[in-house]
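> Okay, so here is target_5.cif, and as you'll see once you scroll down, it has mmCIF, C-alpha atoms.
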data_run
loop_
_atom_site.group_PDB
_atom_site.id
_atom_site.type_symbol
_atom_site.label_atom_id
_atom_site.label_comp_id
_atom_site.auth_asym_id
_atom_site.auth_seq_id
_atom_site.Cartn_x
_atom_site.Cartn_y
_atom_site.Cartn_z
ATOM 1 C CA MET A 1 -12.700 -2.899 0.165
ATOM 2 C CA THR A 2 -11.938 -6.352 -1.225
ATOM 3 C CA ARG A 3 -8.472 -7.574 -0.226
ATOM 4 C CA ALA A 4 -8.095 -10.006 -3.128
ATOM 5 C CA VAL A 5 -4.847 -9.725 -5.085
ATOM 6 C CA HIS A 6 -4.708 -11.674 -8.351
ATOM 7 C CA CYS A 7 -1.068 -12.533 -9.071
ATOM 8 C CA ALA A 8 -0.024 -13.592 -12.567
ATOM 9 C CA THR A 9 3.397 -15.239 -12.441
ATOM 10 C CA ALA A 10 4.931 -18.502 -13.626
ATOM 11 C CA ASP A 11 7.948 -18.133 -11.307
ATOM 12 C CA PRO A 12 7.674 -20.255 -8.107
ATOM 13 C CA ALA A 13 10.262 -18.058 -6.344
ATOM 14 C CA ALA A 14 8.264 -14.925 -7.141
ATOM 15 C CA ALA A 15 5.071 -16.573 -5.900
ATOM 16 C CA ALA A 16 6.770 -17.531 -2.631
ATOM 17 C CA LEU A 17 8.023 -13.981 -2.109
ATOM 18 C CA LEU A 18 4.551 -12.554 -2.747
ATOM 19 C CA ARG A 19 2.983 -14.991 -0.274
ATOM 20 C CA ALA A 20 5.418 -13.833 2.408
ATOM 21 C CA ALA A 21 5.144 -10.113 1.608
ATOM 22 C CA LEU A 22 1.358 -9.992 1.233
ATOM 23 C CA LYS A 23 0.410 -12.172 4.174
ATOM 24 C CA GLY A 24 -3.143 -11.446 5.310
ATOM 25 C CA LEU A 25 -4.415 -10.638 1.817
ATOM 26 C CA ASP A 26 -6.487 -12.990 -0.316
ATOM 27 C CA LEU A 27 -3.856 -14.071 -2.845
ATOM 28 C CA ARG A 28 -4.865 -15.910 -6.006
ATOM 29 C CA PHE A 29 -2.189 -17.142 -8.391
ATOM 30 C CA TYR A 30 -2.300 -17.707 -12.149
ATOM 31 C CA PRO A 31 0.571 -19.261 -14.154
ATOM 32 C CA SER A 32 -0.195 -17.373 -17.375
ATOM 33 C CA ALA A 33 -1.999 -14.398 -18.849
ATOM 34 C CA ALA A 34 -4.668 -16.695 -20.289
ATOM 35 C CA ALA A 35 -5.393 -18.177 -16.858
ATOM 36 C CA LEU A 36 -5.857 -14.728 -15.320
ATOM 37 C CA LEU A 37 -8.034 -13.470 -18.185
ATOM 38 C CA LYS A 38 -10.256 -16.534 -17.901
ATOM 39 C CA VAL A 39 -10.997 -16.028 -14.192
ATOM 40 C CA TRP A 40 -10.525 -12.404 -13.109
ATOM 41 C CA LYS A 41 -13.535 -10.162 -13.753
ATOM 42 C CA GLY A 42 -12.321 -7.109 -11.852
ATOM 43 C CA GLY A 43 -12.295 -6.033 -8.216
ATOM 44 C CA GLY A 44 -9.362 -6.054 -5.833
ATOM 45 C CA ALA A 45 -6.008 -5.759 -7.563
ATOM 46 C CA ALA A 46 -3.941 -7.543 -10.183
ATOM 47 C CA LEU A 47 -0.178 -7.882 -9.718
ATOM 48 C CA ILE A 48 1.409 -9.007 -12.959
ATOM 49 C CA ASP A 49 4.876 -10.412 -13.602
ATOM 50 C CA ALA A 50 6.499 -8.709 -16.601
ATOM 51 C CA SER A 51 7.629 -12.141 -17.883
ATOM 52 C CA LEU A 52 4.751 -14.513 -18.557
ATOM 53 C CA PRO A 53 4.920 -17.597 -20.810
ATOM 54 C CA ASP A 54 2.147 -16.547 -23.195
ATOM 55 C CA MET A 55 2.124 -12.723 -23.191
ATOM 56 C CA SER A 56 4.303 -9.914 -21.909
ATOM 57 C CA GLY A 57 3.136 -8.362 -18.662
ATOM 58 C CA ARG A 58 2.904 -4.926 -20.296
ATOM 59 C CA ASP A 59 0.600 -6.265 -23.005
ATOM 60 C CA LEU A 60 -1.564 -7.956 -20.377
ATOM 61 C CA VAL A 61 -1.865 -4.642 -18.496
ATOM 62 C CA ALA A 62 -3.108 -2.976 -21.694
ATOM 63 C CA VAL A 63 -5.655 -5.750 -22.304
ATOM 64 C CA LEU A 64 -6.999 -5.533 -18.751
ATOM 65 C CA ARG A 65 -7.161 -1.736 -18.812
ATOM 66 C CA GLY A 66 -9.103 -1.835 -22.066
ATOM 67 C CA ALA A 67 -11.673 -4.427 -20.909
ATOM 68 C CA PRO A 68 -14.880 -2.978 -19.357
ATOM 69 C CA ARG A 69 -14.910 -5.380 -16.372
ATOM 70 C CA THR A 70 -11.308 -4.731 -15.311
ATOM 71 C CA ALA A 71 -10.724 -1.198 -16.594
ATOM 72 C CA ARG A 72 -11.393 0.440 -13.211
ATOM 73 C CA SER A 73 -9.499 -2.075 -11.065
ATOM 74 C CA VAL A 74 -6.028 -1.611 -9.583
ATOM 75 C CA ILE A 75 -3.377 -3.043 -11.901
ATOM 76 C CA ALA A 76 0.335 -3.201 -11.028
ATOM 77 C CA LEU A 77 3.296 -4.612 -12.944
ATOM 78 C CA ALA A 78 6.447 -6.138 -11.451
ATOM 79 C CA GLY A 79 9.496 -6.027 -13.695
ATOM 80 C CA PRO A 80 13.076 -7.237 -13.222
ATOM 81 C CA GLY A 81 15.414 -4.950 -11.292
ATOM 82 C CA PRO A 82 17.264 -2.646 -11.150
ATOM 83 C CA TYR A 83 14.757 0.182 -11.591
ATOM 84 C CA SER A 84 14.547 1.468 -15.163
ATOM 85 C CA PRO A 85 12.771 4.789 -15.873
ATOM 86 C CA ALA A 86 12.117 3.662 -19.444
ATOM 87 C CA ALA A 87 10.503 0.400 -18.304
ATOM 88 C CA ALA A 88 8.426 2.230 -15.703
ATOM 89 C CA ALA A 89 7.254 4.819 -18.247
ATOM 90 C CA ALA A 90 6.260 2.095 -20.714
ATOM 91 C CA CYS A 91 4.334 0.350 -17.942
ATOM 92 C CA PHE A 92 2.423 3.524 -17.066
ATOM 93 C CA ASP A 93 1.741 4.216 -20.742
ATOM 94 C CA ASN A 94 0.046 0.808 -20.961
ATOM 95 C CA GLY A 95 -2.279 1.801 -18.116
ATOM 96 C CA ALA A 96 -0.721 0.358 -14.945
ATOM 97 C CA ASP A 97 -1.335 2.148 -11.657
ATOM 98 C CA GLU A 98 2.017 1.113 -10.196
ATOM 99 C CA TYR A 99 5.352 -0.399 -11.178
ATOM 100 C CA PHE A 100 7.614 -2.446 -8.915
ATOM 101 C CA THR A 101 11.103 -3.758 -9.526
ATOM 102 C CA PHE A 102 11.535 -7.393 -8.541
ATOM 103 C CA PRO A 103 12.198 -8.428 -5.872
ATOM 104 C CA PRO A 104 10.367 -5.495 -4.235
ATOM 105 C CA ASP A 105 10.711 -4.407 -0.626
ATOM 106 C CA PRO A 106 7.995 -6.501 1.118
ATOM 107 C CA GLY A 107 6.688 -3.748 3.399
ATOM 108 C CA LEU A 108 6.588 -1.153 0.634
ATOM 109 C CA LEU A 109 4.884 -3.554 -1.772
ATOM 110 C CA LYS A 110 2.069 -4.286 0.670
ATOM 111 C CA ALA A 111 1.653 -0.640 1.696
ATOM 112 C CA ARG A 112 1.433 0.573 -1.908
ATOM 113 C CA LEU A 113 -1.073 -2.094 -2.934
ATOM 114 C CA LEU A 114 -3.304 -1.423 0.086
ATOM 115 C CA ASN A 115 -3.153 2.319 -0.600
ATOM 116 C CA LEU A 116 -4.134 1.869 -4.241
ATOM 117 C CA MET A 117 -6.922 -0.573 -3.385
ATOM 118 C CA ALA A 118 -8.330 1.774 -0.756
ATOM 119 C CA ARG A 119 -8.389 4.662 -3.230
ATOM 120 C CA SER A 120 -10.021 2.483 -5.868
ATOM 121 C CA GLY A 121 -12.640 1.316 -3.386
ATOM 122 C CA ARG A 122 -13.732 4.900 -2.804
ATOM 123 C CA ARG A 123 -14.576 5.438 -6.471
ATOM 124 C CA PRO A 124 -18.307 5.379 -7.198
ATOM 125 C CA ALA A 125 -19.751 2.651 -9.391
ATOM 126 C CA ALA A 126 -20.315 3.463 -13.043
ATOM 127 C CA ALA A 127 -24.043 2.813 -12.620
ATOM 128 C CA GLU A 128 -24.358 6.000 -10.546
ATOM 129 C CA ALA A 129 -24.034 8.068 -13.745
ATOM 130 C CA PRO A 130 -21.562 10.561 -12.251
ATOM 131 C CA ALA A 131 -21.475 14.172 -13.369
ATOM 132 C CA GLU A 132 -19.308 15.010 -16.356
ATOM 133 C CA HIS A 133 -17.652 18.383 -16.945
ATOM 134 C CA SER A 134 -16.914 19.666 -20.434
ATOM 135 C CA PHE A 135 -13.929 21.711 -21.529
ATOM 136 C CA GLY A 136 -14.635 21.820 -25.231
ATOM 137 C CA ALA A 137 -13.785 18.398 -26.652
ATOM 138 C CA LEU A 138 -12.289 17.360 -23.297
ATOM 139 C CA LYS A 139 -14.823 15.651 -21.006
ATOM 140 C CA VAL A 140 -13.896 14.818 -17.408
ATOM 141 C CA SER A 141 -15.822 12.992 -14.683
ATOM 142 C CA PRO A 142 -14.140 13.528 -11.290
ATOM 143 C CA GLU A 143 -16.359 10.939 -9.587
ATOM 144 C CA ALA A 144 -15.913 8.162 -12.140
ATOM 145 C CA ARG A 145 -12.297 9.298 -12.661
ATOM 146 C CA THR A 146 -12.619 9.147 -16.433
ATOM 147 C CA ALA A 147 -11.581 11.538 -19.175
ATOM 148 C CA SER A 148 -12.167 11.580 -22.919
ATOM 149 C CA VAL A 149 -11.204 13.738 -25.897
ATOM 150 C CA LYS A 150 -13.600 13.877 -28.846
ATOM 151 C CA GLY A 151 -15.437 10.878 -27.427
ATOM 152 C CA MET A 152 -12.294 8.732 -27.153
ATOM 153 C CA GLN A 153 -11.643 7.447 -23.629
ATOM 154 C CA LEU A 154 -8.172 8.286 -22.296
ATOM 155 C CA ARG A 155 -6.255 5.494 -20.584
ATOM 156 C CA LEU A 156 -4.927 7.553 -17.677
ATOM 157 C CA THR A 157 -3.223 6.070 -14.648
ATOM 158 C CA ALA A 158 -4.470 7.142 -11.212
ATOM 159 C CA LEU A 159 -1.647 9.668 -10.861
ATOM 160 C CA GLU A 160 -2.110 11.076 -14.367
ATOM 161 C CA PHE A 161 -5.811 11.647 -13.669
ATOM 162 C CA ASP A 162 -4.938 13.398 -10.384
ATOM 163 C CA LEU A 163 -2.495 15.623 -12.275
ATOM 164 C CA LEU A 164 -5.135 16.505 -14.866
ATOM 165 C CA MET A 165 -7.645 17.399 -12.149
ATOM 166 C CA TYR A 166 -5.099 19.549 -10.340
ATOM 167 C CA PHE A 167 -4.313 21.472 -13.522
ATOM 168 C CA LEU A 168 -8.019 21.939 -14.304
ATOM 169 C CA LYS A 169 -8.617 23.335 -10.802
ATOM 170 C CA ASN A 170 -5.609 25.647 -11.019
ATOM 171 C CA GLN A 171 -5.868 27.004 -14.551
ATOM 172 C CA GLY A 172 -3.733 30.054 -15.225
ATOM 173 C CA ARG A 173 -1.526 29.515 -12.165
ATOM 174 C CA VAL A 174 2.151 28.622 -12.381
ATOM 175 C CA VAL A 175 2.730 25.551 -10.227
ATOM 176 C CA SER A 176 6.189 24.344 -9.317
ATOM 177 C CA ARG A 177 7.316 20.735 -9.416
ATOM 178 C CA GLY A 178 7.619 20.858 -5.639
ATOM 179 C CA VAL A 179 3.986 21.914 -5.288
ATOM 180 C CA LEU A 180 2.889 19.081 -7.594
ATOM 181 C CA LEU A 181 4.889 16.574 -5.536
ATOM 182 C CA GLU A 182 3.279 17.879 -2.356
ATOM 183 C CA GLN A 183 -0.305 18.210 -3.616
ATOM 184 C CA VAL A 184 -0.689 15.375 -6.127
ATOM 185 C CA TRP A 185 1.843 12.610 -5.532
ATOM 186 C CA ARG A 186 0.725 9.697 -3.387
ATOM 187 C CA GLN A 187 2.921 8.458 -0.578
ATOM 188 C CA GLY A 188 5.142 5.644 -1.752
ATOM 189 C CA LEU A 189 5.399 6.629 -5.419
ATOM 190 C CA GLU A 190 8.749 7.554 -6.895
ATOM 191 C CA THR A 191 9.551 11.170 -6.064
ATOM 192 C CA GLY A 192 11.775 13.901 -7.467
ATOM 193 C CA THR A 193 11.471 16.566 -10.131
ATOM 194 C CA ARG A 194 12.399 14.094 -12.866
ATOM 195 C CA SER A 195 9.396 11.977 -11.875
ATOM 196 C CA VAL A 196 7.145 15.028 -12.301
ATOM 197 C CA ASP A 197 8.542 15.711 -15.769
ATOM 198 C CA LYS A 198 8.066 12.080 -16.857
ATOM 199 C CA ARG A 199 4.453 11.944 -15.715
ATOM 200 C CA ILE A 200 3.576 15.287 -17.304
ATOM 201 C CA GLU A 201 5.112 14.183 -20.602
ATOM 202 C CA ALA A 202 2.991 11.017 -20.446
ATOM 203 C CA LEU A 203 -0.127 13.080 -19.672
ATOM 204 C CA ARG A 204 0.589 15.483 -22.556
ATOM 205 C CA SER A 205 0.967 12.560 -24.938
ATOM 206 C CA LYS A 206 -2.324 10.958 -23.885
ATOM 207 C CA LEU A 207 -4.226 14.250 -24.062
ATOM 208 C CA GLY A 208 -3.086 14.725 -27.656
ATOM 209 C CA ARG A 209 -1.718 17.834 -29.318
ATOM 210 C CA ALA A 210 -4.830 19.979 -28.836
ATOM 211 C CA PHE A 211 -4.943 19.637 -25.037
ATOM 212 C CA GLY A 212 -1.459 18.366 -24.229
ATOM 213 C CA SER A 213 -0.034 21.622 -25.541
ATOM 214 C CA LYS A 214 -2.084 23.486 -22.915
ATOM 215 C CA ILE A 215 0.314 22.219 -20.237
ATOM 216 C CA ARG A 216 3.186 24.609 -20.796
ATOM 217 C CA THR A 217 6.621 24.546 -19.205
ATOM 218 C CA VAL A 218 7.621 27.764 -17.444
ATOM 219 C CA PHE A 219 11.397 27.457 -17.379
ATOM 220 C CA GLY A 220 12.900 27.788 -13.959
ATOM 221 C CA LEU A 221 9.467 27.783 -12.291
ATOM 222 C CA GLY A 222 7.320 24.787 -13.231
ATOM 223 C CA TYR A 223 4.171 24.414 -15.332
ATOM 224 C CA ILE A 224 1.057 26.369 -16.227
ATOM 225 C CA PHE A 225 -2.204 25.045 -17.691
ATOM 226 C CA ARG A 226 -4.474 27.272 -19.785
ATOM 227 C CA LEU A 227 -7.422 26.163 -21.916
#
Mind turning the file's structure into C-alpha cells?

Amino acid sequence: MTRAVHCATADPAAAALLRAALKGLDLRFYPSAAALLKVWKGGGAALIDASLPDMSGRDLVAVLRGAPRTARSVIALAGPGPYSPAAAAACFDNGADEYFTFPPDPGLLKARLLNLMARSGRRPAAAEAPAEHSFGALKVSPEARTASVKGMQLRLTALEFDLLMYFLKNQGRVVSRGVLLEQVWRQGLETGTRSVDKRIEALRSKLGRAFGSKIRTVFGLGYIFRL
C-alpha cells in the first residue's frame, strides 16, 4: 500500500496541521487544483481543501473521480466546520470517499485515511478483467468495485458500493438500519439512522428511477431490495 497523501490546499495553517496529524505518511502539497491535476496520476490518496484559489474542492473531486487514472484512488474532501449534513452529502455526490470538517481530529483523520487506503490497496487492478454480474441493465463487478446502468458508469463512493452489494446479496429480505450500520458501515464513518437514510437516498439517486425504486422503505422496520 502506498502511503502517499496528495494534499491540495493554499492555506499554510491547514498545511501545518496536516503535517502534524499525518506524520509518518508521504505528504505532498499543492497550492491549487491545477497544480494537483498536473502532477497526481493516481495511487495513494488525495486530501482536498474545499476552498482552493482556482476551483472549488467539490468540483476538483468530481474531476478526479471522472478521470481514468485517478478514478479508483482514495479521494477525501476537507470543508470548514461545523459539520454540515448538506455539505457532506454534496461531497459524497461528487464522488468523495470521505468528508472531514476542518480542523479535523488528528488521530481520527489519520486512522480514516489509512483505513481507506488499505481498502483501496486490496482492490484488483483493472487489467485483471474482473468478473461482471448482470441484473438486467445493471452490471456490477465486485472485484473491480464498479457498477453501471445501461452502459453508463455509476460514480459510487466506497460506502455506496458496499450498500449496493449488501442489497444484491440480501434481495427480498427486510434489513433494519441497525443491521446496515453493523454490516456495511466502516469504523470511523458518521453513524446513526439518519446517516443510513442519507446514503440510501444518494444511492437511489445514482441508480436512477428504474433501479433506485427497487430499494423500498419498510416503515418502522428498514429497507428491502427486490429486482
> Counting only C-alpha atoms, select every polymer residue within 10 Å of (-0.8, -14.9, -8.0) as defined in the file's coordinates, and provide the selection as a PyMOL selection string.
chain A and resi 5-11+14-16+18-19+26-32+36+46-49
> Tell me which protein, DNA and RNA residues are within 9 Å of range 80-82 of chain A, counting all atoms listed in the file, leaving out same-chain ones fewer than 2 positions away, and put them as a list in words.
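So the residues in contact are Asp49, Ala50, Ser51, Ala78, Ser84, Phe100, Thr101, Phe102, Pro103 and Pro104 of chain A.
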> Pull the neighbourhood of (-4.0, 10.0, -22.2) for me: all residues within 8 Å in file coordinates, counting all atoms listed in the file, as a list in words.
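Result, sorted by chain then residue number: Leu154, Arg155, Leu156, Ala202, Leu203, Arg204, Ser205, Lys206, Leu207 and Gly208 of chain A.
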> Run the PyMOL selection byres ((chain A and resi 150) around 7) on the file and write out the hits as a list in words.
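Expected selection for the PyMOL selection byres ((chain A and resi 150) around 7) here is Ala137, Leu138, Ser148, Val149, Gly151 and Met152 of chain A.
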> When you count only C-alpha atoms, which of these residues is closest to Ala21 in chain A: A:Ile75, A:Leu109, A:Asp97, A:Asp59?
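The answer is A:Leu109, which sits nearest to Ala21 in chain A.
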> Apply the PyMOL selection byres ((chain A and resi 174-185) around 12) to the displayed file and report the matching residues as a PyMOL selection string.
chain A and resi 158-167+169-173+186-200+215-226
> What's around Val74 in chain A at 8 Å? Count all atoms listed in the file, leave out sequence neighbours fewer than 3 positions away in its own chain, and write the answer as a list in words.
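Once the nearby chain positions are removed, what remains is Gly43, Gly44, Ala45, Ala46, Ala96, Asp97, Leu116, Met117 and Ser120 of chain A.
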> Please provide the set of residues having any atom within 7 Å of Asn94 in chain A, restricted to all atoms listed in the file, with same-chain residues fewer than 6 positions apart removed, written as a list in words.
Arg58, Val61 and Ala62 of chain A
> Could you tell me how far CA of Leu113 in chain A sits from CA of Ala147 in chain A, in Å to one decimal place?
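The value is 23.7 Å.
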> Which of these, A:Val140, A:Tyr99, A:Gly107, A:Arg3, has the shortest distance to Tyr83 in chain A once you count only C-alpha atoms?
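Nearest candidate to Tyr83 in chain A out of A:Val140, A:Tyr99, A:Gly107, A:Arg3: A:Tyr99.
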> As an exercise, work out the distance from CA of Leu52 in chain A to CA of Leu77 in chain A in Å and give it to one decimal place.
11.5 Å
> Which one of A:Ala89, A:Leu60, A:Leu37, A:Ala13 sits closest to Thr157 in chain A if you count all atoms listed in the file?
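The answer is A:Ala89, which sits nearest to Thr157 in chain A.
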> I would like the residues chosen by the PyMOL selection byres ((chain A and resi 69) around 6) on the shown file; could you give them as a list in words?
Lys41, Gly42, Ala67, Pro68, Thr70 and Ala71 of chain A
